[in-house]
$ cat target22.cif   # mmCIF, C-alpha atoms
data_work
loop_
_atom_site.label_atom_id
_atom_site.label_comp_id
_atom_site.auth_asym_id
_atom_site.auth_seq_id
_atom_site.Cartn_x
_atom_site.Cartn_y
_atom_site.Cartn_z
CA MET A 1 149.22 106.27 78.04
CA ARG A 2 149.38 110.03 78.24
CA LEU A 3 147.86 111.56 75.12
CA PRO A 4 146.45 114.92 74.11
CA LEU A 5 142.99 115.61 75.53
CA LEU A 6 142.94 112.51 77.75
CA ALA A 7 142.08 113.95 81.12
CA ALA A 8 142.95 112.34 84.44
CA ALA A 9 139.29 111.77 85.21
CA THR A 10 139.15 109.16 82.48
CA VAL A 11 142.55 107.55 82.21
CA LEU A 12 145.61 107.27 84.38
CA SER A 13 147.16 110.38 82.92
CA GLY A 14 147.15 114.11 82.81
CA ALA A 15 146.27 116.21 79.82
CA LEU A 16 148.44 117.85 77.22
CA ALA A 17 147.52 121.31 76.03
CA VAL A 18 145.98 121.28 72.57
CA PRO A 19 145.56 124.42 70.48
CA ALA A 20 142.05 125.69 69.94
CA ALA A 21 142.29 124.79 66.27
CA VAL A 22 144.49 122.35 64.41
CA PRO A 23 144.73 121.43 60.74
CA ALA A 24 142.00 119.06 59.61
CA PHE A 25 143.00 115.58 58.55
CA ALA A 26 139.50 114.14 58.89
CA ASP A 27 138.56 111.47 56.43
CA SER A 28 135.07 110.64 57.64
CA ALA A 29 132.09 112.19 59.36
CA PRO A 30 130.59 111.04 62.64
CA PRO A 31 127.68 108.58 62.34
CA ALA A 32 124.24 110.12 62.36
CA ALA A 33 122.77 110.51 65.83
CA ALA A 34 120.28 107.69 65.30
CA ALA A 35 119.45 104.83 67.63
CA PRO A 36 122.59 102.72 68.15
CA TYR A 37 123.03 99.83 65.75
CA SER A 38 123.97 97.11 68.20
CA ALA A 39 123.75 93.50 69.19
CA ALA A 40 124.71 91.19 72.01
CA ALA A 41 126.83 88.24 71.03
CA HIS A 42 126.86 85.12 73.16
CA ARG A 43 129.06 82.26 74.13
CA PRO A 44 127.51 79.02 75.42
CA GLY A 45 125.64 79.12 78.69
CA VAL A 46 125.09 82.83 79.02
CA ALA A 47 121.78 84.62 79.29
CA ASP A 48 121.26 87.99 77.66
CA HIS A 49 121.56 90.93 80.04
CA ALA A 50 119.66 93.99 78.89
CA ALA A 51 121.44 96.40 81.24
CA TRP A 52 124.86 95.51 79.85
CA LYS A 53 123.69 95.84 76.27
CA LYS A 54 122.09 99.20 77.06
CA ALA A 55 125.36 100.40 78.61
CA LEU A 56 127.11 99.79 75.28
CA ASP A 57 124.30 101.42 73.30
CA ASP A 58 124.50 104.47 75.56
CA LEU A 59 128.21 104.82 74.78
CA VAL A 60 127.45 104.91 71.07
CA ALA A 61 124.66 107.40 71.67
CA ALA A 62 127.20 109.58 73.51
CA GLY A 63 129.47 109.66 70.46
CA VAL A 64 131.67 106.55 70.52
CA PRO A 65 131.88 105.02 67.02
CA GLY A 66 131.98 101.45 68.30
CA VAL A 67 132.43 99.45 71.47
CA ILE A 68 132.97 95.82 72.47
CA ALA A 69 132.86 94.23 75.91
CA GLU A 70 133.25 90.91 77.67
CA VAL A 71 131.94 90.12 81.15
CA HIS A 72 132.93 86.87 82.81
CA ASP A 73 131.69 85.54 86.13
CA ALA A 74 130.56 82.27 87.71
CA HIS A 75 127.48 82.23 85.49
CA GLY A 76 129.42 82.31 82.24
CA THR A 77 130.76 84.78 79.71
CA TRP A 78 128.78 87.50 77.98
CA THR A 79 130.09 89.44 75.01
CA GLY A 80 128.44 92.49 73.53
CA THR A 81 129.01 95.01 70.79
CA SER A 82 127.44 98.24 69.63
CA GLY A 83 128.03 100.88 66.99
CA ARG A 84 130.40 100.53 64.05
CA GLY A 85 133.79 99.04 63.51
CA ASP A 86 134.17 101.39 60.54
CA VAL A 87 132.30 104.69 60.40
CA HIS A 88 131.79 104.24 56.64
CA HIS A 89 129.73 101.08 57.12
CA ARG A 90 127.07 99.75 59.46
CA GLN A 91 129.05 96.65 60.35
CA LEU A 92 129.29 96.00 64.07
CA PRO A 93 132.71 95.79 65.69
CA SER A 94 133.73 92.14 66.06
CA VAL A 95 133.37 90.94 69.65
CA ASP A 96 136.58 88.99 69.14
CA GLY A 97 138.35 91.91 67.49
CA ARG A 98 141.84 92.99 68.48
CA PHE A 99 142.74 96.49 69.56
CA ARG A 100 145.62 98.54 70.88
CA ALA A 101 145.48 97.94 74.64
CA GLY A 102 147.62 100.94 75.61
CA SER A 103 148.75 101.05 79.22
CA ASN A 104 147.35 97.63 80.04
CA THR A 105 150.86 96.80 78.81
CA LYS A 106 152.18 98.17 82.09
CA THR A 107 150.58 95.41 84.14
CA PHE A 108 152.26 92.80 81.94
CA VAL A 109 155.59 94.57 82.44
CA ALA A 110 155.07 94.93 86.19
CA THR A 111 154.09 91.26 86.57
CA THR A 112 157.25 90.23 84.74
CA VAL A 113 159.41 92.46 86.95
CA LEU A 114 157.78 91.02 90.07
CA GLN A 115 158.38 87.49 88.84
CA LEU A 116 162.06 88.42 88.54
CA VAL A 117 161.83 89.73 92.11
CA ALA A 118 160.40 86.38 93.21
CA GLU A 119 163.33 84.67 91.48
CA LYS A 120 165.72 87.00 93.38
CA LYS A 121 167.07 88.44 90.14
CA VAL A 122 165.75 91.92 90.96
CA ARG A 123 165.14 93.67 94.29
CA LEU A 124 162.27 96.11 94.66
CA ASP A 125 164.06 98.56 96.90
CA THR A 126 167.38 98.54 95.07
CA PRO A 127 168.25 101.67 93.05
CA ILE A 128 167.90 101.30 89.28
CA GLU A 129 171.51 102.49 88.99
CA ARG A 130 172.64 99.05 90.13
CA TYR A 131 171.01 97.36 87.14
CA LEU A 132 171.32 100.08 84.51
CA PRO A 133 174.36 102.13 85.51
CA GLY A 134 174.48 105.62 84.06
CA LEU A 135 171.12 105.38 82.30
CA VAL A 136 168.78 107.32 84.60
CA PRO A 137 169.69 110.73 86.07
CA ASN A 138 169.75 110.43 89.86
CA GLY A 139 169.33 106.69 89.34
CA GLN A 140 171.16 105.96 92.58
CA HIS A 141 168.15 107.40 94.44
CA ILE A 142 165.34 105.89 92.31
CA THR A 143 164.29 102.36 93.23
CA VAL A 144 162.60 99.69 91.14
CA ARG A 145 159.56 100.00 93.40
CA GLN A 146 159.32 103.74 92.70
CA LEU A 147 159.42 103.12 88.96
CA LEU A 148 156.64 100.51 89.20
CA SER A 149 154.44 102.78 91.33
CA HIS A 150 155.08 106.04 89.43
CA ARG A 151 156.88 107.60 92.38
CA SER A 152 160.23 108.20 90.71
CA GLY A 153 159.45 111.79 89.74
CA LEU A 154 160.78 111.22 86.21
CA PHE A 155 159.28 113.52 83.58
CA ASP A 156 156.82 111.84 81.20
CA TYR A 157 158.22 112.08 77.68
CA THR A 158 154.71 112.10 76.19
CA ASP A 159 154.13 115.47 77.85
CA SER A 160 156.43 116.99 75.25
CA LEU A 161 156.61 114.45 72.42
CA TRP A 162 154.00 116.13 70.19
CA HIS A 163 153.96 119.49 71.98
CA GLY A 164 150.34 118.81 72.93
CA ASN A 165 149.26 118.89 69.31
CA LEU A 166 146.97 116.24 67.82
CA SER A 167 147.89 117.21 64.27
CA GLU A 168 151.57 116.62 65.02
CA LEU A 169 150.72 113.26 66.56
CA TYR A 170 148.85 112.34 63.36
CA GLN A 171 151.53 113.61 60.98
CA THR A 172 154.26 111.65 62.76
CA ARG A 173 152.24 108.46 63.34
CA PHE A 174 154.65 106.33 61.30
CA ARG A 175 157.82 107.62 62.91
CA HIS A 176 159.95 104.97 64.62
CA TRP A 177 161.24 105.71 68.11
CA THR A 178 163.79 103.74 70.10
CA PRO A 179 163.67 103.46 73.91
CA PRO A 180 166.90 105.49 74.26
CA GLN A 181 165.34 108.26 72.16
CA LEU A 182 162.25 108.28 74.38
CA LEU A 183 164.38 108.48 77.51
CA ALA A 184 166.47 111.27 76.00
CA GLU A 185 163.24 113.22 75.45
CA ALA A 186 162.24 112.63 79.08
CA PHE A 187 165.62 113.48 80.56
CA ARG A 188 165.76 116.86 78.78
CA HIS A 189 163.26 117.97 81.42
CA ALA A 190 163.57 118.40 85.15
CA PRO A 191 161.86 115.75 87.31
CA TYR A 192 158.46 116.50 88.81
CA PHE A 193 159.72 115.95 92.37
CA ALA A 194 162.38 114.14 94.39
CA PRO A 195 162.07 110.33 94.23
CA GLY A 196 159.57 108.87 96.66
CA THR A 197 158.09 112.22 97.77
CA ALA A 198 154.92 112.05 95.62
CA GLY A 199 153.25 110.10 92.84
CA HIS A 200 152.88 111.18 89.21
CA TYR A 201 151.92 108.86 86.33
CA SER A 202 154.79 108.77 83.86
CA ASN A 203 155.32 106.48 80.87
CA THR A 204 159.05 107.05 81.27
CA ASN A 205 159.05 104.70 84.26
CA TYR A 206 157.94 101.77 82.13
CA ILE A 207 160.43 102.43 79.36
CA VAL A 208 163.14 102.14 82.04
CA LEU A 209 161.52 98.97 83.42
CA GLY A 210 161.46 97.47 79.95
CA MET A 211 165.20 98.07 79.68
CA LEU A 212 165.63 96.52 83.14
CA ILE A 213 163.90 93.31 82.04
CA GLN A 214 166.07 93.13 78.94
CA LYS A 215 169.26 93.68 80.94
CA VAL A 216 168.43 91.05 83.59
CA THR A 217 167.09 88.35 81.26
CA GLY A 218 169.18 88.89 78.15
CA LYS A 219 166.04 88.85 76.00
CA SER A 220 163.83 91.61 74.68
CA THR A 221 161.08 92.61 77.09
CA GLU A 222 158.47 91.70 74.49
CA GLN A 223 159.87 88.18 74.15
CA GLU A 224 160.20 87.74 77.91
CA ILE A 225 156.58 88.76 78.46
CA THR A 226 155.51 86.44 75.66
CA ASP A 227 157.39 83.51 77.18
CA ARG A 228 156.30 84.16 80.77
CA LEU A 229 152.73 85.34 80.36
CA ILE A 230 151.24 85.36 76.88
CA LYS A 231 152.05 81.79 75.84
CA PRO A 232 151.51 80.03 79.22
CA LEU A 233 148.12 81.71 79.70
CA GLY A 234 146.99 80.89 76.17
CA LEU A 235 146.51 84.53 75.19
CA HIS A 236 146.35 83.60 71.53
CA HIS A 237 145.37 87.03 70.25
CA THR A 238 147.76 89.11 72.37
CA SER A 239 151.02 90.33 70.88
CA PHE A 240 153.45 93.17 70.51
CA PRO A 241 153.40 94.92 67.11
CA GLY A 242 157.16 95.21 66.71
CA SER A 243 157.83 97.36 63.66
CA SER A 244 154.40 96.73 62.12
CA VAL A 245 151.95 99.63 61.93
CA ARG A 246 149.00 97.29 61.50
CA ILE A 247 146.76 95.36 63.88
CA PRO A 248 146.72 91.66 62.93
CA GLY A 249 143.45 89.78 62.54
CA PRO A 250 139.92 91.21 62.81
CA HIS A 251 139.75 94.64 64.40
CA ALA A 252 137.72 97.82 64.46
CA HIS A 253 139.16 100.96 62.94
CA GLY A 254 140.51 103.40 65.52
CA TYR A 255 139.55 107.07 65.45
CA LEU A 256 140.30 110.46 66.94
CA ARG A 257 138.70 113.85 66.38
CA MET A 258 141.26 116.44 65.41
CA ASN A 259 139.28 119.44 66.54
CA GLY A 260 137.52 117.94 69.52
CA PRO A 261 133.88 116.95 70.06
CA GLY A 262 131.66 117.45 67.04
CA SER A 263 134.49 117.41 64.51
CA PRO A 264 134.82 114.59 61.96
CA TYR A 265 136.53 111.34 62.87
CA THR A 266 140.05 110.73 61.59
CA ASP A 267 141.13 107.14 61.03
CA ILE A 268 144.38 106.39 62.88
CA THR A 269 144.17 102.59 62.86
CA GLU A 270 147.59 102.20 61.26
CA GLU A 271 150.37 103.79 63.29
CA SER A 272 153.73 102.98 64.77
CA MET A 273 153.45 102.24 68.48
CA SER A 274 157.22 102.49 68.96
CA TRP A 275 156.64 105.70 70.90
CA ALA A 276 154.75 103.63 73.49
CA SER A 277 157.11 100.64 73.55
CA THR A 278 156.98 98.80 76.89
CA ALA A 279 154.74 101.50 78.34
CA GLY A 280 151.78 100.81 76.06
CA SER A 281 152.23 99.05 72.70
CA LEU A 282 150.42 95.75 73.43
CA ILE A 283 147.67 94.47 71.13
CA SER A 284 145.00 92.26 72.71
CA THR A 285 141.31 91.29 72.94
CA THR A 286 138.66 91.56 75.63
CA HIS A 287 138.83 87.80 76.23
CA ASP A 288 142.61 87.70 76.57
CA LEU A 289 142.75 90.66 78.95
CA ASN A 290 140.04 89.15 81.15
CA ARG A 291 141.98 85.88 81.25
CA PHE A 292 145.21 87.66 82.17
CA PHE A 293 143.76 89.76 84.97
CA SER A 294 141.84 86.78 86.34
CA ALA A 295 145.08 84.77 86.51
CA LEU A 296 146.91 87.68 88.15
CA ILE A 297 144.33 88.55 90.80
CA GLY A 298 143.64 84.85 91.28
CA GLY A 299 147.22 84.35 92.49
CA LYS A 300 148.43 82.22 89.57
CA LEU A 301 151.27 84.52 88.48
CA LEU A 302 152.86 85.87 91.66
CA PRO A 303 153.49 84.76 95.25
CA PRO A 304 150.85 86.16 97.66
CA ALA A 305 153.23 88.65 99.30
CA LEU A 306 154.20 90.22 95.99
CA LEU A 307 150.61 90.31 94.73
CA HIS A 308 149.66 92.09 97.95
CA GLN A 309 152.35 94.71 97.34
CA MET A 310 151.17 95.08 93.76
CA GLN A 311 147.66 95.81 95.04
CA ASP A 312 148.80 98.30 97.69
CA ALA A 313 147.56 101.32 95.76
CA GLN A 314 148.09 104.98 96.64
CA PRO A 315 146.85 108.23 95.03
CA LEU A 316 148.73 109.86 92.15
CA GLN A 317 148.87 113.58 91.46
CA ASN A 318 147.51 113.12 87.94
CA GLY A 319 145.52 109.89 88.22
CA ALA A 320 141.84 109.29 88.78
CA THR A 321 142.46 105.92 90.45
CA ASP A 322 144.80 104.75 93.15
CA TYR A 323 147.91 103.01 91.83
CA GLY A 324 150.04 100.16 93.15
CA LEU A 325 152.87 98.36 91.35
CA GLY A 326 151.61 98.43 87.77
CA LEU A 327 148.03 97.96 88.94
CA SER A 328 145.17 100.40 89.33
CA ARG A 329 142.44 100.16 91.96
CA LEU A 330 138.82 101.27 91.62
CA THR A 331 136.32 101.41 94.46
CA ASP A 332 132.57 101.92 94.36
CA PRO A 333 129.73 100.86 96.69
CA SER A 334 128.01 99.04 93.82
CA TYR A 335 130.83 96.56 93.22
CA GLY A 336 133.33 97.12 96.03
CA THR A 337 136.94 97.04 94.90
CA ALA A 338 138.34 96.14 91.48
CA TYR A 339 141.90 95.89 90.18
CA GLY A 340 143.14 96.30 86.64
CA HIS A 341 144.29 99.03 84.29
CA ILE A 342 143.12 101.59 81.77
CA GLY A 343 144.81 101.80 78.41
CA SER A 344 144.66 104.50 75.78
CA ALA A 345 146.33 104.68 72.41
CA PRO A 346 145.51 106.93 69.45
CA GLY A 347 142.19 105.49 68.27
CA TYR A 348 141.41 103.23 71.24
CA ASN A 349 140.49 103.29 74.93
CA THR A 350 140.38 100.07 76.95
CA TYR A 351 139.29 99.38 80.52
CA SER A 352 140.09 95.98 82.02
CA PHE A 353 139.21 95.25 85.66
CA THR A 354 138.65 92.29 87.95
CA THR A 355 136.80 92.45 91.25
CA ALA A 356 138.96 91.97 94.34
CA ASP A 357 137.51 88.52 95.00
CA ASN A 358 138.20 87.61 91.34
CA SER A 359 134.54 86.72 90.84
CA ARG A 360 133.99 89.01 87.84
CA GLN A 361 136.19 90.17 84.98
CA VAL A 362 135.23 93.06 82.73
CA THR A 363 136.98 94.44 79.67
CA LEU A 364 135.48 97.33 77.73
CA SER A 365 137.12 98.65 74.57
CA LEU A 366 136.19 101.75 72.56
CA ASN A 367 137.53 102.52 69.08
CA VAL A 368 138.04 106.21 69.74
CA LEU A 369 140.36 108.50 71.65
CA ILE A 370 138.15 109.95 74.39
CA ASP A 371 138.00 113.72 74.02
CA SER A 372 135.04 115.06 76.00
CA GLN A 373 133.47 115.02 79.42
CA LYS A 374 130.36 113.49 77.86
CA LEU A 375 132.34 110.46 76.67
CA LYS A 376 134.20 110.21 79.98
CA THR A 377 130.96 110.19 81.94
CA ALA A 378 129.33 107.64 79.64
CA THR A 379 132.37 105.35 79.80
CA ASN A 380 132.61 105.48 83.57
CA LYS A 381 128.89 104.71 83.83
CA ALA A 382 129.20 101.74 81.46
CA LEU A 383 132.17 100.32 83.35
CA LYS A 384 130.30 100.63 86.65
CA THR A 385 127.28 98.86 85.16
CA LEU A 386 129.39 95.96 83.87
CA LEU A 387 131.28 95.56 87.16
CA ARG A 388 128.14 95.62 89.31
CA PRO A 389 127.05 92.13 90.47
CA THR A 390 123.76 90.90 89.07
CA ALA A 391 121.29 88.20 89.96
CA THR A 392 121.96 84.72 88.62
CA PRO A 393 120.61 84.51 85.06
CA GLU A 394 117.71 82.09 85.11
CA HIS A 395 118.98 79.93 82.26
CA ALA A 396 122.70 80.47 82.57
CA ARG A 397 125.21 77.66 82.86
CA PRO A 398 128.87 77.93 83.82
CA GLY A 399 130.99 79.24 80.96
CA ARG A 400 134.65 79.32 79.95
#

$ encode --input "target22.cif" --output "structure tokens"
Amino acid sequence: MRLPLLAAATVLSGALAVPAAVPAFADSAPPAAAAPYSAAAHRPGVADHAAWKKALDDLVAAGVPGVIAEVHDAHGTWTGTSGRGDVHHRQLPSVDGRFRAGSNTKTFVATTVLQLVAEKKVRLDTPIERYLPGLVPNGQHITVRQLLSHRSGLFDYTDSLWHGNLSELYQTRFRHWTPPQLLAEAFRHAPYFAPGTAGHYSNTNYIVLGMLIQKVTGKSTEQEITDRLIKPLGLHHTSFPGSSVRIPGPHAHGYLRMNGPGSPYTDITEESMSWASTAGSLISTTHDLNRFFSALIGGKLLPPALLHQMQDAQPLQNGATDYGLGLSRLTDPSYGTAYGHIGSAPGYNTYSFTTADNSRQVTLSLNVLIDSQKLKTATNKALKTLLRPTATPEHARPGR
């Protein structure tokens, strides 16, 4: 998602301008800068890996209240946690805890659209006007493919929703938005560019795609995704919040810092995610996201030709990673190529990636809205450490 102070170097978004000072709504102070209170949790057949645990501890030392991670490969599944699930207490975040997965939602939406393409109910290169007549300005020149790949040029409504102000975001956190209201906010603004001439990450694209799924299937997008992906894959702790402002089941509290690095943490765990809708409202766990991306990259959800198009990633003007059809691509000499998505919501940042050969799945979730270069650098380093192949653990057995 695109949120205040989330720079493109960290998430697939640009930044919104935030005033130098905003009213304080802080209800807690940051934890003392002591050695991270952490632990590695295990599932059967997995050896401890000190480097992974240290990567989580380093995130807490950099200022993240709490972090959880799951790494799955041929040797088994490792889960780790560090920091605090609640800054008022020294209780670790639950490794099985749920969180707001933000824009990881987009890959679920894109996979559903591409399944409809496989069923010949939708065509990638057909203008959206054919499916949703009169909804999108210049819709006769914007294709489904361009919406999926953020090449429509449509203005991102979150660039103006809170006027770049964290205090306004906080004060309106229980407001309910409808998809038509979100689109009306987007369409008040001129597009970034003519369709297909550039790439610019925009949540507006995925609100339109959500309405496309509903129009074609006759069911809500949330229900269609549940029926096609969540239930068949056994993602038992993944859901859409609907009108609820709460996260069901065990979960860490989510935080943001109203006045930037060094200011107290503000608890924003309870909030309406209606503003994110089909662009970023999903709730999930590290285990469920790893299972989903493994199934996707493993070819279990789409025909090979469509998966290949999904993975055909190109640069975006405001994105740190190359982007395909609802799928982000990372490359690094230490692990090669990985596909997945980054999700941010007020209070949470989540990174879920699978190596190109589907041999390793990694999901890393932080219970804070990233707001500094220090946190960005620490998070990128941790993700790289978790994705990097390691030697076979001496006592490991196959897991999952």

$ residues_around --input "target22.cif" --residues "A:His287" --least-positions-apart "3" --cutoff "9 Å" --atoms "only C-alpha atoms" --output "JSON, numbers by chain"
{"A": [69, 70, 71, 72, 79, 96, 235, 237, 284, 290, 291, 292, 363]}

$ closest_residue --input "target22.cif" --among "A:Trp78, A:Gly153, A:Trp275, A:Ile247" --to "A:Ala198" --atoms "only C-alpha atoms"
A:Gly153

$ residues_near_point --input "target22.cif" --point "(160.0, 96.5, 94.0)" --cutoff "9 Å" --atoms "only C-alpha atoms" --output "PDB file with C-alpha atoms, in the frame of the given file"
ATOM      1  CA  VAL A 113     159.410  92.460  86.950  1.00  0.00           C
ATOM      2  CA  LEU A 114     157.780  91.020  90.070  1.00  0.00           C
ATOM      3  CA  VAL A 117     161.830  89.730  92.110  1.00  0.00           C
ATOM      4  CA  VAL A 122     165.750  91.920  90.960  1.00  0.00           C
ATOM      5  CA  ARG A 123     165.140  93.670  94.290  1.00  0.00           C
ATOM      6  CA  LEU A 124     162.270  96.110  94.660  1.00  0.00           C
ATOM      7  CA  ASP A 125     164.060  98.560  96.900  1.00  0.00           C
ATOM      8  CA  THR A 126     167.380  98.540  95.070  1.00  0.00           C
ATOM      9  CA  THR A 143     164.290 102.360  93.230  1.00  0.00           C
ATOM     10  CA  VAL A 144     162.600  99.690  91.140  1.00  0.00           C
ATOM     11  CA  ARG A 145     159.560 100.000  93.400  1.00  0.00           C
ATOM     12  CA  GLN A 146     159.320 103.740  92.700  1.00  0.00           C
ATOM     13  CA  LEU A 147     159.420 103.120  88.960  1.00  0.00           C
ATOM     14  CA  LEU A 148     156.640 100.510  89.200  1.00  0.00           C
ATOM     15  CA  SER A 149     154.440 102.780  91.330  1.00  0.00           C
ATOM     16  CA  LEU A 306     154.200  90.220  95.990  1.00  0.00           C
ATOM     17  CA  GLN A 309     152.350  94.710  97.340  1.00  0.00           C
ATOM     18  CA  MET A 310     151.170  95.080  93.760  1.00  0.00           C
ATOM     19  CA  LEU A 325     152.870  98.360  91.350  1.00  0.00           C
TER      20      LEU A 325
END

$ resolve_selection --input "target22.cif" --expression "the PyMOL selection byres ((chain A and resi 67) around 7)" --output "PyMOL selection string"
chain A and resi 56+66+68-69+81-83+93+365-367

$ atom_distance --input "target22.cif" --atom1 "atom CA of A:Arg228" --atom2 "atom CA of A:Thr158"
28.4 Å

$ resolve_selection --input "target22.cif" --expression "the PyMOL selection byres ((chain A and resi 173) around 9)" --output "number ranges by chain"
A: 168-172, 174-176, 245, 268, 270-273

$ atom_distance --input "target22.cif" --atom1 "atom CA of A:Pro65" --atom2 "atom CA of A:Arg84"
5.6 Å

$ atom_distance --input "target22.cif" --atom1 "atom CA of A:Ser220" --atom2 "atom CA of A:Ala184"
19.9 Å

$ closest_residue --input "target22.cif" --among "A:Arg100, A:Gln361, A:Asp332, A:Asn205" --to "A:Asn380" --atoms "only C-alpha atoms"
A:Asp332

$ residues_near_point --input "target22.cif" --point "(147.8, 88.4, 72.7)" --cutoff "8 Å" --atoms "only C-alpha atoms" --output "list in words"
Ile230, Leu235, His236, His237, Thr238, Ser239, Phe240, Leu282, Ile283, Ser284, Thr285 and Asp288 of chain A

$ residues_around --input "target22.cif" --residues "A:Ile142" --least-positions-apart "6" --cutoff "7 Å" --atoms "all atoms listed in the file" --output "PyMOL selection string"
chain A and resi 127-128+152+195
